[in-house]
$ cat model_9.pdb   # PDB, C-alpha atoms
ATOM      1  CA  ASP A   1      98.672 271.085  29.169  1.00  0.00           C
ATOM      2  CA  ILE A   2      94.939 271.870  29.082  1.00  0.00           C
ATOM      3  CA  SER A   3      94.775 273.932  32.254  1.00  0.00           C
ATOM      4  CA  ASP A   4      97.530 276.295  31.054  1.00  0.00           C
ATOM      5  CA  SER A   5      95.775 276.994  27.774  1.00  0.00           C
ATOM      6  CA  THR A   6      92.455 277.633  29.495  1.00  0.00           C
ATOM      7  CA  ARG A   7      94.209 279.918  31.976  1.00  0.00           C
ATOM      8  CA  ALA A   8      95.840 281.852  29.158  1.00  0.00           C
ATOM      9  CA  TRP A   9      92.519 282.055  27.340  1.00  0.00           C
ATOM     10  CA  SER A  10      90.701 283.300  30.426  1.00  0.00           C
ATOM     11  CA  SER A  11      93.343 286.007  30.958  1.00  0.00           C
ATOM     12  CA  ILE A  12      92.893 287.115  27.332  1.00  0.00           C
ATOM     13  CA  MET A  13      89.137 287.204  27.902  1.00  0.00           C
ATOM     14  CA  ALA A  14      89.640 289.274  31.060  1.00  0.00           C
ATOM     15  CA  GLU A  15      91.659 291.824  29.083  1.00  0.00           C
ATOM     16  CA  GLU A  16      89.012 291.853  26.370  1.00  0.00           C
ATOM     17  CA  LYS A  17      86.334 292.494  28.962  1.00  0.00           C
ATOM     18  CA  THR A  18      87.852 295.823  29.921  1.00  0.00           C
ATOM     19  CA  GLU A  19      88.446 297.070  26.373  1.00  0.00           C
ATOM     20  CA  ASN A  20      85.158 295.992  24.838  1.00  0.00           C
ATOM     21  CA  PRO A  21      83.143 299.166  24.118  1.00  0.00           C
ATOM     22  CA  MET A  22      79.908 297.274  24.787  1.00  0.00           C
ATOM     23  CA  ARG A  23      81.042 296.728  28.397  1.00  0.00           C
ATOM     24  CA  ALA A  24      81.420 300.437  29.111  1.00  0.00           C
ATOM     25  CA  ILE A  25      79.115 301.709  31.853  1.00  0.00           C
ATOM     26  CA  ARG A  26      77.082 304.865  31.278  1.00  0.00           C
ATOM     27  CA  ILE A  27      74.199 306.772  32.827  1.00  0.00           C
ATOM     28  CA  HIS A  28      70.805 305.718  31.513  1.00  0.00           C
ATOM     29  CA  LYS A  29      68.829 308.348  33.409  1.00  0.00           C
ATOM     30  CA  LEU A  30      68.814 310.523  36.482  1.00  0.00           C
ATOM     31  CA  VAL A  31      65.645 311.016  38.516  1.00  0.00           C
ATOM     32  CA  LEU A  32      65.227 313.976  40.856  1.00  0.00           C
ATOM     33  CA  ASN A  33      62.410 313.819  43.381  1.00  0.00           C
ATOM     34  CA  ILE A  34      61.102 316.323  45.913  1.00  0.00           C
ATOM     35  CA  CYS A  35      58.500 314.892  48.251  1.00  0.00           C
ATOM     36  CA  VAL A  36      56.636 317.692  49.986  1.00  0.00           C
ATOM     37  CA  GLY A  37      54.022 315.563  51.715  1.00  0.00           C
ATOM     38  CA  GLU A  38      51.156 317.922  50.878  1.00  0.00           C
ATOM     39  CA  SER A  39      49.507 319.389  47.826  1.00  0.00           C
ATOM     40  CA  GLY A  40      49.049 323.077  47.193  1.00  0.00           C
ATOM     41  CA  ASP A  41      51.423 325.989  47.331  1.00  0.00           C
ATOM     42  CA  ARG A  42      54.524 324.212  48.638  1.00  0.00           C
ATOM     43  CA  LEU A  43      54.253 321.529  45.950  1.00  0.00           C
ATOM     44  CA  THR A  44      54.025 324.050  43.122  1.00  0.00           C
ATOM     45  CA  LYS A  45      57.052 325.854  44.537  1.00  0.00           C
ATOM     46  CA  ALA A  46      58.967 322.572  44.687  1.00  0.00           C
ATOM     47  CA  SER A  47      58.092 321.888  41.061  1.00  0.00           C
ATOM     48  CA  LYS A  48      59.387 325.376  40.173  1.00  0.00           C
ATOM     49  CA  VAL A  49      62.695 324.478  41.826  1.00  0.00           C
ATOM     50  CA  LEU A  50      62.963 321.312  39.718  1.00  0.00           C
ATOM     51  CA  GLU A  51      62.075 323.201  36.554  1.00  0.00           C
ATOM     52  CA  GLN A  52      64.689 325.835  37.342  1.00  0.00           C
ATOM     53  CA  LEU A  53      67.316 323.147  37.882  1.00  0.00           C
ATOM     54  CA  THR A  54      66.578 320.956  34.858  1.00  0.00           C
ATOM     55  CA  GLY A  55      64.632 323.090  32.401  1.00  0.00           C
ATOM     56  CA  GLN A  56      62.045 320.307  32.187  1.00  0.00           C
ATOM     57  CA  GLN A  57      58.399 320.110  33.260  1.00  0.00           C
ATOM     58  CA  PRO A  58      58.122 318.054  36.482  1.00  0.00           C
ATOM     59  CA  ILE A  59      55.506 315.353  37.009  1.00  0.00           C
ATOM     60  CA  PHE A  60      53.458 315.059  40.196  1.00  0.00           C
ATOM     61  CA  SER A  61      53.184 311.811  42.151  1.00  0.00           C
ATOM     62  CA  LYS A  62      50.117 310.902  44.168  1.00  0.00           C
ATOM     63  CA  ALA A  63      49.776 309.329  47.591  1.00  0.00           C
ATOM     64  CA  ARG A  64      48.999 305.617  47.436  1.00  0.00           C
ATOM     65  CA  TYR A  65      46.815 305.617  50.527  1.00  0.00           C
ATOM     66  CA  THR A  66      45.496 307.880  53.253  1.00  0.00           C
ATOM     67  CA  VAL A  67      47.729 308.340  56.281  1.00  0.00           C
ATOM     68  CA  ARG A  68      46.016 310.316  59.020  1.00  0.00           C
ATOM     69  CA  THR A  69      49.184 311.009  61.031  1.00  0.00           C
ATOM     70  CA  PHE A  70      50.924 312.570  58.006  1.00  0.00           C
ATOM     71  CA  GLY A  71      47.747 314.365  57.025  1.00  0.00           C
ATOM     72  CA  ILE A  72      47.675 312.994  53.490  1.00  0.00           C
ATOM     73  CA  ARG A  73      44.760 311.565  51.546  1.00  0.00           C
ATOM     74  CA  ARG A  74      44.777 308.887  48.874  1.00  0.00           C
ATOM     75  CA  ASN A  75      45.380 310.202  45.333  1.00  0.00           C
ATOM     76  CA  GLU A  76      46.437 313.577  46.684  1.00  0.00           C
ATOM     77  CA  LYS A  77      49.466 314.996  44.887  1.00  0.00           C
ATOM     78  CA  ILE A  78      52.338 314.980  47.371  1.00  0.00           C
ATOM     79  CA  SER A  79      55.585 315.069  45.382  1.00  0.00           C
ATOM     80  CA  ALA A  80      57.180 316.282  42.182  1.00  0.00           C
ATOM     81  CA  HIS A  81      59.808 314.455  40.169  1.00  0.00           C
ATOM     82  CA  VAL A  82      61.665 314.851  36.907  1.00  0.00           C
ATOM     83  CA  THR A  83      63.563 312.314  34.799  1.00  0.00           C
ATOM     84  CA  ILE A  84      66.634 313.461  32.894  1.00  0.00           C
ATOM     85  CA  GLY A  85      67.390 311.191  29.964  1.00  0.00           C
ATOM     86  CA  ASN A  86      70.027 313.382  28.339  1.00  0.00           C
ATOM     87  CA  ARG A  87      73.338 311.856  29.502  1.00  0.00           C
ATOM     88  CA  ASP A  88      75.431 315.038  29.433  1.00  0.00           C
ATOM     89  CA  LYS A  89      72.826 317.018  31.318  1.00  0.00           C
ATOM     90  CA  ALA A  90      72.346 314.193  33.828  1.00  0.00           C
ATOM     91  CA  MET A  91      76.107 314.010  34.382  1.00  0.00           C
ATOM     92  CA  GLN A  92      76.286 317.764  34.977  1.00  0.00           C
ATOM     93  CA  ILE A  93      73.460 317.786  37.546  1.00  0.00           C
ATOM     94  CA  LEU A  94      74.740 314.603  39.198  1.00  0.00           C
ATOM     95  CA  GLU A  95      78.170 316.149  39.587  1.00  0.00           C
ATOM     96  CA  SER A  96      76.744 319.242  41.291  1.00  0.00           C
ATOM     97  CA  GLY A  97      74.715 316.958  43.581  1.00  0.00           C
ATOM     98  CA  LEU A  98      77.754 314.873  44.483  1.00  0.00           C
ATOM     99  CA  LYS A  99      79.767 318.020  45.135  1.00  0.00           C
ATOM    100  CA  VAL A 100      77.307 318.805  47.942  1.00  0.00           C
ATOM    101  CA  LYS A 101      77.983 315.323  49.372  1.00  0.00           C
ATOM    102  CA  GLU A 102      81.740 315.920  48.878  1.00  0.00           C
ATOM    103  CA  PHE A 103      81.800 312.881  46.569  1.00  0.00           C
ATOM    104  CA  GLU A 104      81.164 310.591  49.520  1.00  0.00           C
ATOM    105  CA  LEU A 105      78.473 307.924  49.394  1.00  0.00           C
ATOM    106  CA  LEU A 106      77.612 305.011  51.626  1.00  0.00           C
ATOM    107  CA  LYS A 107      77.875 301.397  50.603  1.00  0.00           C
ATOM    108  CA  ARG A 108      74.155 301.054  51.127  1.00  0.00           C
ATOM    109  CA  ASN A 109      73.420 303.863  48.661  1.00  0.00           C
ATOM    110  CA  PHE A 110      74.070 301.297  45.910  1.00  0.00           C
ATOM    111  CA  SER A 111      71.440 298.777  44.832  1.00  0.00           C
ATOM    112  CA  ALA A 112      72.050 295.165  43.818  1.00  0.00           C
ATOM    113  CA  THR A 113      71.131 295.994  40.211  1.00  0.00           C
ATOM    114  CA  GLY A 114      73.934 298.525  39.873  1.00  0.00           C
ATOM    115  CA  ASN A 115      72.037 301.766  40.494  1.00  0.00           C
ATOM    116  CA  PHE A 116      72.543 304.277  43.254  1.00  0.00           C
ATOM    117  CA  GLY A 117      70.834 307.175  44.959  1.00  0.00           C
ATOM    118  CA  PHE A 118      71.389 309.789  47.622  1.00  0.00           C
ATOM    119  CA  GLY A 119      69.655 312.809  49.094  1.00  0.00           C
ATOM    120  CA  ILE A 120      70.582 316.417  49.734  1.00  0.00           C
ATOM    121  CA  SER A 121      68.880 318.518  52.388  1.00  0.00           C
ATOM    122  CA  GLU A 122      69.057 321.970  50.766  1.00  0.00           C
ATOM    123  CA  HIS A 123      68.620 322.644  47.063  1.00  0.00           C
ATOM    124  CA  ILE A 124      70.438 325.982  47.278  1.00  0.00           C
ATOM    125  CA  ASP A 125      73.698 324.038  47.692  1.00  0.00           C
ATOM    126  CA  LEU A 126      73.388 323.145  43.999  1.00  0.00           C
ATOM    127  CA  GLY A 127      74.151 326.722  43.052  1.00  0.00           C
ATOM    128  CA  ILE A 128      70.582 328.004  42.754  1.00  0.00           C
ATOM    129  CA  LYS A 129      70.142 331.398  44.366  1.00  0.00           C
ATOM    130  CA  TYR A 130      68.077 331.404  47.543  1.00  0.00           C
ATOM    131  CA  ASP A 131      64.663 332.959  47.012  1.00  0.00           C
ATOM    132  CA  PRO A 132      62.771 333.709  50.260  1.00  0.00           C
ATOM    133  CA  SER A 133      59.393 333.341  48.538  1.00  0.00           C
ATOM    134  CA  THR A 134      60.252 329.787  47.441  1.00  0.00           C
ATOM    135  CA  GLY A 135      61.915 328.486  50.588  1.00  0.00           C
ATOM    136  CA  ILE A 136      64.337 325.580  50.857  1.00  0.00           C
ATOM    137  CA  TYR A 137      63.700 322.056  49.632  1.00  0.00           C
ATOM    138  CA  GLY A 138      65.644 318.838  49.968  1.00  0.00           C
ATOM    139  CA  MET A 139      65.665 316.365  47.127  1.00  0.00           C
ATOM    140  CA  ASP A 140      66.510 312.801  46.209  1.00  0.00           C
ATOM    141  CA  PHE A 141      68.858 311.904  43.384  1.00  0.00           C
ATOM    142  CA  TYR A 142      68.557 308.470  41.808  1.00  0.00           C
ATOM    143  CA  VAL A 143      70.918 307.311  39.079  1.00  0.00           C
ATOM    144  CA  VAL A 144      70.181 304.384  36.790  1.00  0.00           C
ATOM    145  CA  LEU A 145      73.284 302.971  35.114  1.00  0.00           C
ATOM    146  CA  GLU A 146      73.419 300.720  32.071  1.00  0.00           C
ATOM    147  CA  ARG A 147      75.701 299.186  29.480  1.00  0.00           C
ATOM    148  CA  PRO A 148      75.226 299.510  25.715  1.00  0.00           C
ATOM    149  CA  GLY A 149      72.839 296.794  24.592  1.00  0.00           C
ATOM    150  CA  TYR A 150      70.335 297.222  27.433  1.00  0.00           C
ATOM    151  CA  ARG A 151      67.813 298.238  24.798  1.00  0.00           C
ATOM    152  CA  VAL A 152      67.183 294.590  23.879  1.00  0.00           C
ATOM    153  CA  SER A 153      65.163 294.173  27.069  1.00  0.00           C
ATOM    154  CA  ARG A 154      63.062 297.293  26.441  1.00  0.00           C
ATOM    155  CA  ARG A 155      62.339 297.268  22.717  1.00  0.00           C
ATOM    156  CA  ARG A 156      59.024 296.094  21.342  1.00  0.00           C
ATOM    157  CA  LYS A 157      60.175 293.743  18.604  1.00  0.00           C
ATOM    158  CA  GLN A 158      62.429 290.752  19.317  1.00  0.00           C
ATOM    159  CA  GLN A 159      62.631 291.521  23.007  1.00  0.00           C
ATOM    160  CA  ALA A 160      65.266 289.509  24.844  1.00  0.00           C
ATOM    161  CA  LYS A 161      66.768 289.181  28.292  1.00  0.00           C
ATOM    162  CA  ILE A 162      70.098 290.717  29.185  1.00  0.00           C
ATOM    163  CA  GLY A 163      72.708 288.040  29.789  1.00  0.00           C
ATOM    164  CA  LYS A 164      73.943 287.420  33.319  1.00  0.00           C
ATOM    165  CA  ASN A 165      77.481 288.606  32.583  1.00  0.00           C
ATOM    166  CA  HIS A 166      76.269 291.800  30.944  1.00  0.00           C
ATOM    167  CA  LYS A 167      74.058 292.852  33.858  1.00  0.00           C
ATOM    168  CA  LEU A 168      75.419 295.454  36.241  1.00  0.00           C
ATOM    169  CA  THR A 169      76.209 294.514  39.822  1.00  0.00           C
ATOM    170  CA  LYS A 170      76.669 296.543  42.987  1.00  0.00           C
ATOM    171  CA  THR A 171      80.467 296.338  42.740  1.00  0.00           C
ATOM    172  CA  ASP A 172      80.399 297.499  39.086  1.00  0.00           C
ATOM    173  CA  ALA A 173      78.413 300.594  40.068  1.00  0.00           C
ATOM    174  CA  MET A 174      80.730 301.304  42.990  1.00  0.00           C
ATOM    175  CA  LYS A 175      83.825 301.004  40.783  1.00  0.00           C
ATOM    176  CA  TRP A 176      82.224 303.275  38.174  1.00  0.00           C
ATOM    177  CA  PHE A 177      81.459 305.894  40.824  1.00  0.00           C
ATOM    178  CA  GLN A 178      84.999 305.717  42.206  1.00  0.00           C
ATOM    179  CA  SER A 179      86.687 305.958  38.804  1.00  0.00           C
ATOM    180  CA  THR A 180      84.387 308.588  37.270  1.00  0.00           C
ATOM    181  CA  PHE A 181      84.182 311.020  40.184  1.00  0.00           C
ATOM    182  CA  ASP A 182      87.170 309.891  42.312  1.00  0.00           C
ATOM    183  CA  GLY A 183      84.460 309.195  44.857  1.00  0.00           C
ATOM    184  CA  VAL A 184      84.794 307.760  48.342  1.00  0.00           C
ATOM    185  CA  ILE A 185      82.558 304.962  49.565  1.00  0.00           C
ATOM    186  CA  LEU A 186      82.062 304.749  53.321  1.00  0.00           C
ATOM    187  CA  ASN A 187      80.791 301.737  55.202  1.00  0.00           C
ATOM    188  CA  LYS A 188      78.557 303.709  57.523  1.00  0.00           C
ATOM    189  CA  ALA A 189      77.505 307.286  58.155  1.00  0.00           C
ATOM    190  CA  TYR A 190      79.387 309.108  60.866  1.00  0.00           C
TER     191      TYR A 190
END

$ encode --input "model_9.pdb" --output "structure tokens"
Amino acid sequence: DISDSTRAWSSIMAEEKTENPMRAIRIHKLVLNICVGESGDRLTKASKVLEQLTGQQPIFSKARYTVRTFGIRRNEKISAHVTIGNRDKAMQILESGLKVKEFELLKRNFSATGNFGFGISEHIDLGIKYDPSTGIYGMDFYVVLERPGYRVSRRRKQQAKIGKNHKLTKTDAMKWFQSTFDGVILNKAY
């Protein structure tokens, strides 16, 4: 019977899907961002916090346009961010960030392309000692996940698209978060 053989074949394929090392999900990068909303002393202090946390030199982002009510001008530096490409380091910092959130995220923290982000309101929760001269800063964490083979879409030579089945989805990211960190996903904030 044809349907039985196709069913058997699809079940074999389903098993293969889980064991295939190319299907494993991993962190591609972690981006930490502190938006101060003004340039000057507070911004440099925020960048010091990021440097202390990651050991990397932060990059400043500029305002896209002038907003009088926020008191910001166009092209004024208003935030500092740092991208962590080293997977082990990213995992370590992400874990300390999630510990602050008690490993609880909302469903809407996850994007359709299989990435997720969250914010913390006080950086001292990450285990950095409080320094009165620096103050307290909140920060955003954003995690970009990938599978092995994502390089084909980024390389210069013989660039290709990532196949539909290989792309990450929202549910993939949520499952990864739950299995890696024993995380809890809530439907709405309470």

$ resolve_selection --input "model_9.pdb" --expression "the PyMOL selection byres ((chain A and resi 179-184) around 6)" --output "mmCIF file with C-alpha atoms, in the coordinates of the input"
data_model
loop_
_atom_site.group_PDB
_atom_site.id
_atom_site.type_symbol
_atom_site.label_atom_id
_atom_site.label_comp_id
_atom_site.auth_asym_id
_atom_site.auth_seq_id
_atom_site.Cartn_x
_atom_site.Cartn_y
_atom_site.Cartn_z
ATOM 1 C CA PHE A 103 81.800 312.881 46.569
ATOM 2 C CA GLU A 104 81.164 310.591 49.520
ATOM 3 C CA TRP A 176 82.224 303.275 38.174
ATOM 4 C CA PHE A 177 81.459 305.894 40.824
ATOM 5 C CA GLN A 178 84.999 305.717 42.206
ATOM 6 C CA ILE A 185 82.558 304.962 49.565
#

$ atom_distance --input "model_9.pdb" --atom1 "CA of Arg87 (chain A)" --atom2 "CA of Val152 (chain A)"
19.2 Å

$ resolve_selection --input "model_9.pdb" --expression "the PyMOL selection byres ((chain A and resi 66) around 12)" --output "PyMOL selection string"
chain A and resi 37-38+62-65+67-78

$ resolve_selection --input "model_9.pdb" --expression "the PyMOL selection byres ((chain A and resi 105-110) around 10)" --output "PyMOL selection string"
chain A and resi 98+101-104+111-119+142-143+169-171+173-174+177-178+183-189

$ closest_residue --input "model_9.pdb" --among "A:Glu146, A:Pro21, A:Lys175, A:Ile59" --to "Ile162 (chain A)" --atoms "only C-alpha atoms"
A:Glu146

$ residues_around --input "model_9.pdb" --residues "Glu51 (chain A)" --least-positions-apart "4" --cutoff "12 Å" --atoms "all atoms listed in the file" --output "MDAnalysis selection string"
chainID A and resid 32:34 44:47 55:59 80:84 128

$ atom_distance --input "model_9.pdb" --atom1 "CA of Glu95 (chain A)" --atom2 "CA of Ile120 (chain A)"
12.7 Å

$ atom_distance --input "model_9.pdb" --atom1 "CA of Asp131 (chain A)" --atom2 "CA of Asp41 (chain A)"
15.0 Å

$ residues_around --input "model_9.pdb" --residues "Leu126 (chain A)" --least-positions-apart "3" --cutoff "7 Å" --atoms "all atoms listed in the file" --output "number ranges by chain"
A: 96-97, 123

$ closest_residue --input "model_9.pdb" --among "A:Ala8, A:Met91, A:Val100, A:Ile136" --to "Val36 (chain A)" --atoms "all atoms listed in the file"
A:Ile136

$ axis_aligned_box --input "model_9.pdb" --around "region 37-54 of chain A" --padding-each-side "6 Å" --output "lines of an AutoDock Vina configuration file"
center_x = 58.2
center_y = 320.8
center_z = 43.3
size_x = 30.3
size_y = 22.4
size_z = 28.9

$ closest_residue --input "model_9.pdb" --among "A:Ala90, A:Leu53, A:Ala160, A:Val144" --to "Gly127 (chain A)" --atoms "only C-alpha atoms"
A:Leu53

$ build_atoms --input "model_9.pdb" --residues "region 51-77 of chain A" --atoms "N, CA and C atoms" --output "PDB file, keeping the file's coordinate frame"
ATOM      1  N   GLU A  51      62.084 322.649  37.913  1.00  0.00           N
ATOM      2  CA  GLU A  51      62.075 323.201  36.554  1.00  0.00           C
ATOM      3  C   GLU A  51      63.265 324.129  36.344  1.00  0.00           C
ATOM      4  N   GLN A  52      63.550 324.913  37.384  1.00  0.00           N
ATOM      5  CA  GLN A  52      64.689 325.835  37.342  1.00  0.00           C
ATOM      6  C   GLN A  52      66.004 325.062  37.168  1.00  0.00           C
ATOM      7  N   LEU A  53      66.088 323.942  37.874  1.00  0.00           N
ATOM      8  CA  LEU A  53      67.316 323.147  37.882  1.00  0.00           C
ATOM      9  C   LEU A  53      67.522 322.393  36.572  1.00  0.00           C
ATOM     10  N   THR A  54      66.431 321.853  36.016  1.00  0.00           N
ATOM     11  CA  THR A  54      66.578 320.956  34.858  1.00  0.00           C
ATOM     12  C   THR A  54      66.095 321.551  33.543  1.00  0.00           C
ATOM     13  N   GLY A  55      65.217 322.556  33.635  1.00  0.00           N
ATOM     14  CA  GLY A  55      64.632 323.090  32.401  1.00  0.00           C
ATOM     15  C   GLY A  55      63.564 322.176  31.838  1.00  0.00           C
ATOM     16  N   GLN A  56      63.096 321.226  32.631  1.00  0.00           N
ATOM     17  CA  GLN A  56      62.045 320.307  32.187  1.00  0.00           C
ATOM     18  C   GLN A  56      60.808 320.455  33.073  1.00  0.00           C
ATOM     19  N   GLN A  57      59.666 320.035  32.520  1.00  0.00           N
ATOM     20  CA  GLN A  57      58.399 320.110  33.260  1.00  0.00           C
ATOM     21  C   GLN A  57      58.297 318.926  34.224  1.00  0.00           C
ATOM     22  N   PRO A  58      58.209 319.177  35.536  1.00  0.00           N
ATOM     23  CA  PRO A  58      58.122 318.054  36.482  1.00  0.00           C
ATOM     24  C   PRO A  58      56.755 317.357  36.433  1.00  0.00           C
ATOM     25  N   ILE A  59      56.728 316.144  36.944  1.00  0.00           N
ATOM     26  CA  ILE A  59      55.506 315.353  37.009  1.00  0.00           C
ATOM     27  C   ILE A  59      55.160 315.193  38.489  1.00  0.00           C
ATOM     28  N   PHE A  60      53.867 315.209  38.797  1.00  0.00           N
ATOM     29  CA  PHE A  60      53.458 315.059  40.196  1.00  0.00           C
ATOM     30  C   PHE A  60      53.132 313.605  40.504  1.00  0.00           C
ATOM     31  N   SER A  61      53.518 313.169  41.702  1.00  0.00           N
ATOM     32  CA  SER A  61      53.184 311.811  42.151  1.00  0.00           C
ATOM     33  C   SER A  61      52.097 311.909  43.210  1.00  0.00           C
ATOM     34  N   LYS A  62      51.234 310.892  43.224  1.00  0.00           N
ATOM     35  CA  LYS A  62      50.117 310.902  44.168  1.00  0.00           C
ATOM     36  C   LYS A  62      50.369 309.937  45.322  1.00  0.00           C
ATOM     37  N   ALA A  63      49.682 310.208  46.424  1.00  0.00           N
ATOM     38  CA  ALA A  63      49.776 309.329  47.591  1.00  0.00           C
ATOM     39  C   ALA A  63      49.044 308.023  47.283  1.00  0.00           C
ATOM     40  N   ARG A  64      49.620 306.910  47.715  1.00  0.00           N
ATOM     41  CA  ARG A  64      48.999 305.617  47.436  1.00  0.00           C
ATOM     42  C   ARG A  64      47.828 305.337  48.358  1.00  0.00           C
ATOM     43  N   TYR A  65      47.949 305.790  49.607  1.00  0.00           N
ATOM     44  CA  TYR A  65      46.815 305.617  50.527  1.00  0.00           C
ATOM     45  C   TYR A  65      46.796 306.725  51.572  1.00  0.00           C
ATOM     46  N   THR A  66      45.672 306.840  52.246  1.00  0.00           N
ATOM     47  CA  THR A  66      45.496 307.880  53.253  1.00  0.00           C
ATOM     48  C   THR A  66      46.273 307.534  54.521  1.00  0.00           C
ATOM     49  N   VAL A  67      47.033 308.504  55.003  1.00  0.00           N
ATOM     50  CA  VAL A  67      47.729 308.340  56.281  1.00  0.00           C
ATOM     51  C   VAL A  67      47.338 309.520  57.158  1.00  0.00           C
ATOM     52  N   ARG A  68      46.548 309.234  58.190  1.00  0.00           N
ATOM     53  CA  ARG A  68      46.016 310.316  59.020  1.00  0.00           C
ATOM     54  C   ARG A  68      47.129 311.087  59.735  1.00  0.00           C
ATOM     55  N   THR A  69      48.128 310.352  60.248  1.00  0.00           N
ATOM     56  CA  THR A  69      49.184 311.009  61.031  1.00  0.00           C
ATOM     57  C   THR A  69      50.013 311.974  60.172  1.00  0.00           C
ATOM     58  N   PHE A  70      50.182 311.669  58.902  1.00  0.00           N
ATOM     59  CA  PHE A  70      50.924 312.570  58.006  1.00  0.00           C
ATOM     60  C   PHE A  70      50.009 313.624  57.402  1.00  0.00           C
ATOM     61  N   GLY A  71      48.707 313.415  57.583  1.00  0.00           N
ATOM     62  CA  GLY A  71      47.747 314.365  57.025  1.00  0.00           C
ATOM     63  C   GLY A  71      47.677 314.314  55.509  1.00  0.00           C
ATOM     64  N   ILE A  72      47.811 313.114  54.948  1.00  0.00           N
ATOM     65  CA  ILE A  72      47.675 312.994  53.490  1.00  0.00           C
ATOM     66  C   ILE A  72      46.524 312.067  53.133  1.00  0.00           C
ATOM     67  N   ARG A  73      45.867 312.386  52.022  1.00  0.00           N
ATOM     68  CA  ARG A  73      44.760 311.565  51.546  1.00  0.00           C
ATOM     69  C   ARG A  73      45.186 310.779  50.316  1.00  0.00           C
ATOM     70  N   ARG A  74      44.474 309.709  50.041  1.00  0.00           N
ATOM     71  CA  ARG A  74      44.777 308.887  48.874  1.00  0.00           C
ATOM     72  C   ARG A  74      44.551 309.701  47.596  1.00  0.00           C
ATOM     73  N   ASN A  75      45.433 309.504  46.632  1.00  0.00           N
ATOM     74  CA  ASN A  75      45.380 310.202  45.333  1.00  0.00           C
ATOM     75  C   ASN A  75      45.634 311.711  45.412  1.00  0.00           C
ATOM     76  N   GLU A  76      46.065 312.166  46.570  1.00  0.00           N
ATOM     77  CA  GLU A  76      46.437 313.577  46.684  1.00  0.00           C
ATOM     78  C   GLU A  76      47.865 313.731  46.162  1.00  0.00           C
ATOM     79  N   LYS A  77      48.112 314.794  45.406  1.00  0.00           N
ATOM     80  CA  LYS A  77      49.466 314.996  44.887  1.00  0.00           C
ATOM     81  C   LYS A  77      50.379 315.405  46.038  1.00  0.00           C
TER      82      LYS A  77
END
